[in-house]
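Heads up: the structure comes next, in structure tokens.
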Amino acid sequence: MSLQIILNGIATGSVYALIATGFALIFNVLKFSNFSHGATMTACAFISYFLVADKGLGLFPTLLAAGAAGAVVALFGEFVGFRRILKNHSSATYFFVSSITLGTLYEGLVTIRVGSNFFNFPSFFNNPTIGIGSLVISTTDVMMFVISVAVLLVLAFVIQNTRLGRALRAVSFDRDTAQLMGINSTRMIQSAFVISGVLAGIAGVFLGIKYTLYPSLGSLVVKGFIASVIGGLGSLPGAIAGAFLLGILETILLSLLGSGYSTIATFAIMLLFLLVRPQGIAGSNVQEKA
Amino acid sequence: MEPLLKITDLSVSYGHVEALRGVSAEVREGQIVSIIGANGAGKTTLLRTVSGLVSARAGSIAFQGRPLPKKPDKIVGAGIVHVPEGRKCFSGLTIRDNLLVGGYLFRGKKLEEDLAEQYQRFPILEQRKDQFAGTLSGGEQQMLAVARGLMSRPKILLLDEPSMGLAPIIVNQIYDLIREIHDLGITVLLVEQNAAMALGVSDYAYVLENGRISLSGSGEELLGSDEIRKAYLGG
């Protein structure tokens with residue numbers, strides 16, 4: 001097993017970590033998975049493709065546009081799809097229907113605009129690879145890793161050490177009691193959606209760069225889902241650990257088994273986790289809900 | 001003098017079940033007022049309605065002579081702070097974070113001072129500030145819940161069953177704490193099943209039965225009443 005494979009795995013894992021974290025944040029407030037997260041990624045990637053990247057404005061404006069689009073789309077989703085359900089303490093089935101419907105809607109809108117064509121982000125770098133000794137790493141991978149880690153570090157700091165982060169954790173634990181401390185829980189849930197949307201936007205662009213841009217790109221959200229199951233649903237550190245583990249595992253399996261079997265193997269690993277350690281790496285998500 | 005908190009003809013229902021029927025009560029500034037009654041009498045519902053978690057079907061609540069704000073977070077801002085039944089500490093947050101969440105409406109130096117004050121009052125909380133709240137014992141969690149409530153700078157503190165599930169010696173500590181809070185000039189509205197303890201500290205008390213106030217009087221009067229003795233004091 002070469003260092004090369006591990007490095008590629010880490011780069012892939014960093015994108016999965018963005019997806020898994022966005023997923024886990026919403027899981028904490030809804031106590032349910034937001035299945036529209038994938039389509040949100042696709043929609044944001046396309047919005048920033050047409051508004052910014054296609055006009056040759058470069059990587060950072062593209063990411064900013066995708067993040068902003070993610071915030072707007074997520075706020076819309078929260079208001080239309082989840083607020084009333086949450087307020088009425090309705091059963092999880094409604095979240096299921098609501099999030100699937102929203103996801104299908106977003107994907108449908110994207111398909112109407114672009115057909116089922118494939119798009120390529122312009123190459124943002126002059127040198128496609130960086131060589132360190134015998135290792136060759138793609139510049140894109142390095143960029144994705146650096147930006148993902150930076151974003152996740154900022155997020156970890158906000159969640160752990162700021163007034164907003166504490167309030168978010170309190171609302172995730174117990175919405176009613178948090179309100180008794182003067183916290184506007186609707187505002188906090190909106191904040192969670194905004195953060196999750198920004199993460200979805202950035203992840204969408206990265207996936208679009210790494211693979212290609214197409215209307216069902218969002219189905220890659222399943223990787224984030226697997227990562228957060230492996231990590232322990234609802235745990236942010238668990239989601240991140242699960243994502244890197246998955247990224248590395250996948251690259252290793254890909255080199256050993258080829259693309260067909262490696263996909264099957266990753267699902268098998270997730271099922272194994274659900275069977276043997278359903279609480280995931282992080283253990284009880286009661287201890288570490290954030 | 002205008003009462004600090006005035007509840008008039010309050011009715012609350014959950015679906016078809018009427019939890020409160022025409023409840024009127026008042027709390028004057030500087031008093032300890034308790035509401036006693038059996039399980040399911042509507043005591044918790046009354047507090048949850050005052051703090052805005054439940055909305056009333058009819059009736060009104062006034063605080064400092066003005067109608068109560070609608071949203072729970074605004075009600076806290078007005079100075080009504082509710083320490084809920086069963087403590088409801090955020091078990092996966094550290095003790096320090098629990099307290100800081102309690103002081104959510106305040107920032108900077110004010111917040112730091114309030115935190116220091118609570119640490120001084122409850123040294124155990126400072127010693128264990130970086131541990132998860134879930135690791136505290138029941139009595140300690142009740143202290144944390146009260147300390148967290150005080151972080152919100154209450155004018156009136158609503159305490160829901162602070163003695164629930166605690167050993168008698170700890171219950172005594174909690175009641176000493178309630179007196180101490182009262183001495184700080186904070187008005188207290190106390191809900192209890194433990195009638196003897198509650199009546200002992202109360203200036204005034206109401207008895208809630210099946211969603212209605214059946215009796216009210218000073219703490220001493222009710223302690224001396226045969227009816228109360230039979231129904232709530234075990235003899």
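Convention: chains lettered A, B, ... in structure tokens order; per-chain residue numbering from 1; ligands numbered from 1 as shown.
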Using only C-alpha atoms, determine which residues of chain A fall within 10 Å of chain B; present them as JSON, numbers by chain. {"A": [160, 161, 163, 164, 165, 166, 167, 168, 169, 170, 171, 172, 173, 174, 176, 177, 178, 179, 180, 181, 182, 183, 184, 185, 285, 286, 287, 288, 289, 290]}
So which bits of stretch 21-184 of chain A end up helix (DSSP H, G or I) when you DSSP the backbone, as a PyMOL selection string? chain A and resi 21-30+37-51+53-55+59-87+92-114+139-161+163-173+175-179
Any idea what's packed within 10 Å of A:Gln279, counting only C-alpha atoms, ignoring anything in its chain fewer than 5 positions away? Could you give it as a ChimeraX atom specification? /A:229-235,273-274,284-285
Quick one, how far is atom CA of A:Val29 from atom CA of A:Ile189?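 For atom CA of A:Val29 relative to atom CA of A:Ile189, the distance reads 6.6 Å.
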Residues at most 9 Å from stretch 220-225 of chain B, counting only C-alpha atoms, excluding those fewer than 6 positions away in the same chain, as a list in words?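 Contacts, with the query itself left out: Ala195, Ala196, Leu199, Gly200, Ser202, Asp203, Tyr204, Ala205, Tyr206 and Leu233 of chain B.
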Straight-line distance linking atom CA of A:Leu213 with atom CA of A:Thr263, stated in Å to one decimal: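 That distance, rounded to one decimal, is 20.0 Å.
Secondary structure of stretch 15-193 of chain A, strand (DSSP E) only (DSSP, backbone atoms): Thr129, Ile130, Gly131, Ile132, Leu135, Val136, Ile137 and Ser138 of chain A.
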Selection export as a short mmCIF file (atom, residue, chain, number, x, y, z; two decimals), in the first residue's frame, atoms kept: N, CA and C atoms:
```
data_model
loop_
_atom_site.label_atom_id
_atom_site.label_comp_id
_atom_site.auth_asym_id
_atom_site.auth_seq_id
_atom_site.Cartn_x
_atom_site.Cartn_y
_atom_site.Cartn_z
N THR A 129 -0.63 19.05 -11.23
CA THR A 129 -0.10 18.20 -10.17
C THR A 129 1.07 18.87 -9.45
N ILE A 130 1.28 18.43 -8.22
CA ILE A 130 2.43 18.86 -7.46
C ILE A 130 3.26 17.62 -7.18
N GLY A 131 4.56 17.69 -7.44
CA GLY A 131 5.41 16.52 -7.18
C GLY A 131 6.24 16.75 -5.94
N ILE A 132 6.19 15.80 -5.01
CA ILE A 132 7.06 15.84 -3.84
C ILE A 132 7.85 14.54 -3.85
N LEU A 135 6.26 11.25 -5.00
CA LEU A 135 4.80 11.37 -4.90
C LEU A 135 4.27 12.41 -5.87
N VAL A 136 3.17 12.09 -6.48
CA VAL A 136 2.50 13.06 -7.34
C VAL A 136 1.09 13.27 -6.81
N ILE A 137 0.81 14.51 -6.40
CA ILE A 137 -0.51 14.79 -5.86
C ILE A 137 -1.18 15.80 -6.77
N SER A 138 -2.46 15.59 -7.02
CA SER A 138 -3.13 16.56 -7.87
C SER A 138 -3.36 17.85 -7.07
#
```
I'd like the neighbourhood of B:Met197 as number ranges by chain, where a residue qualifies if any of its atoms comes within 12 Å (using only C-alpha atoms), though same-chain residues fewer than 3 positions away should be ignored. B: 34-36, 161-164, 168, 171-176, 178-179, 190-194, 200-202, 205, 219-220, 223, 232-233
Any idea what's packed within 6 Å of stretch 51-68 of chain A, counting only C-alpha atoms, ignoring anything in its chain fewer than 5 positions away? Could you give it as a ChimeraX atom specification? /A:44-45,198,201-202
Of the candidates A:Thr104, A:Thr42, A:Thr266, A:Ser33, which shows the shortest atom-to-atom distance to A:Ala243, using only C-alpha atoms?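 Selected residue with least distance to A:Ala243: A:Thr266.
Closest to A:Phe32 among A:Ile281, A:Leu86, A:Ala71, A:Val80 is A:Leu86, based on only C-alpha atoms.
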Would you pick out the contacts of A:Thr251 at 12 Å or less, using only C-alpha atoms, so that residues sharing its chain but fewer than 6 positions from it are not included, and give the list as a list in words? Met1, Ser2, Leu3, Gln4, Ile5, Ile6, Leu7, Asn8, Gly9, Ile10, Ala11, Thr12, Gly13, Phe244, Leu245, Leu257, Gly258, Ser259, Tyr261, Ser262, Thr263, Ala265 and Thr266 of chain A
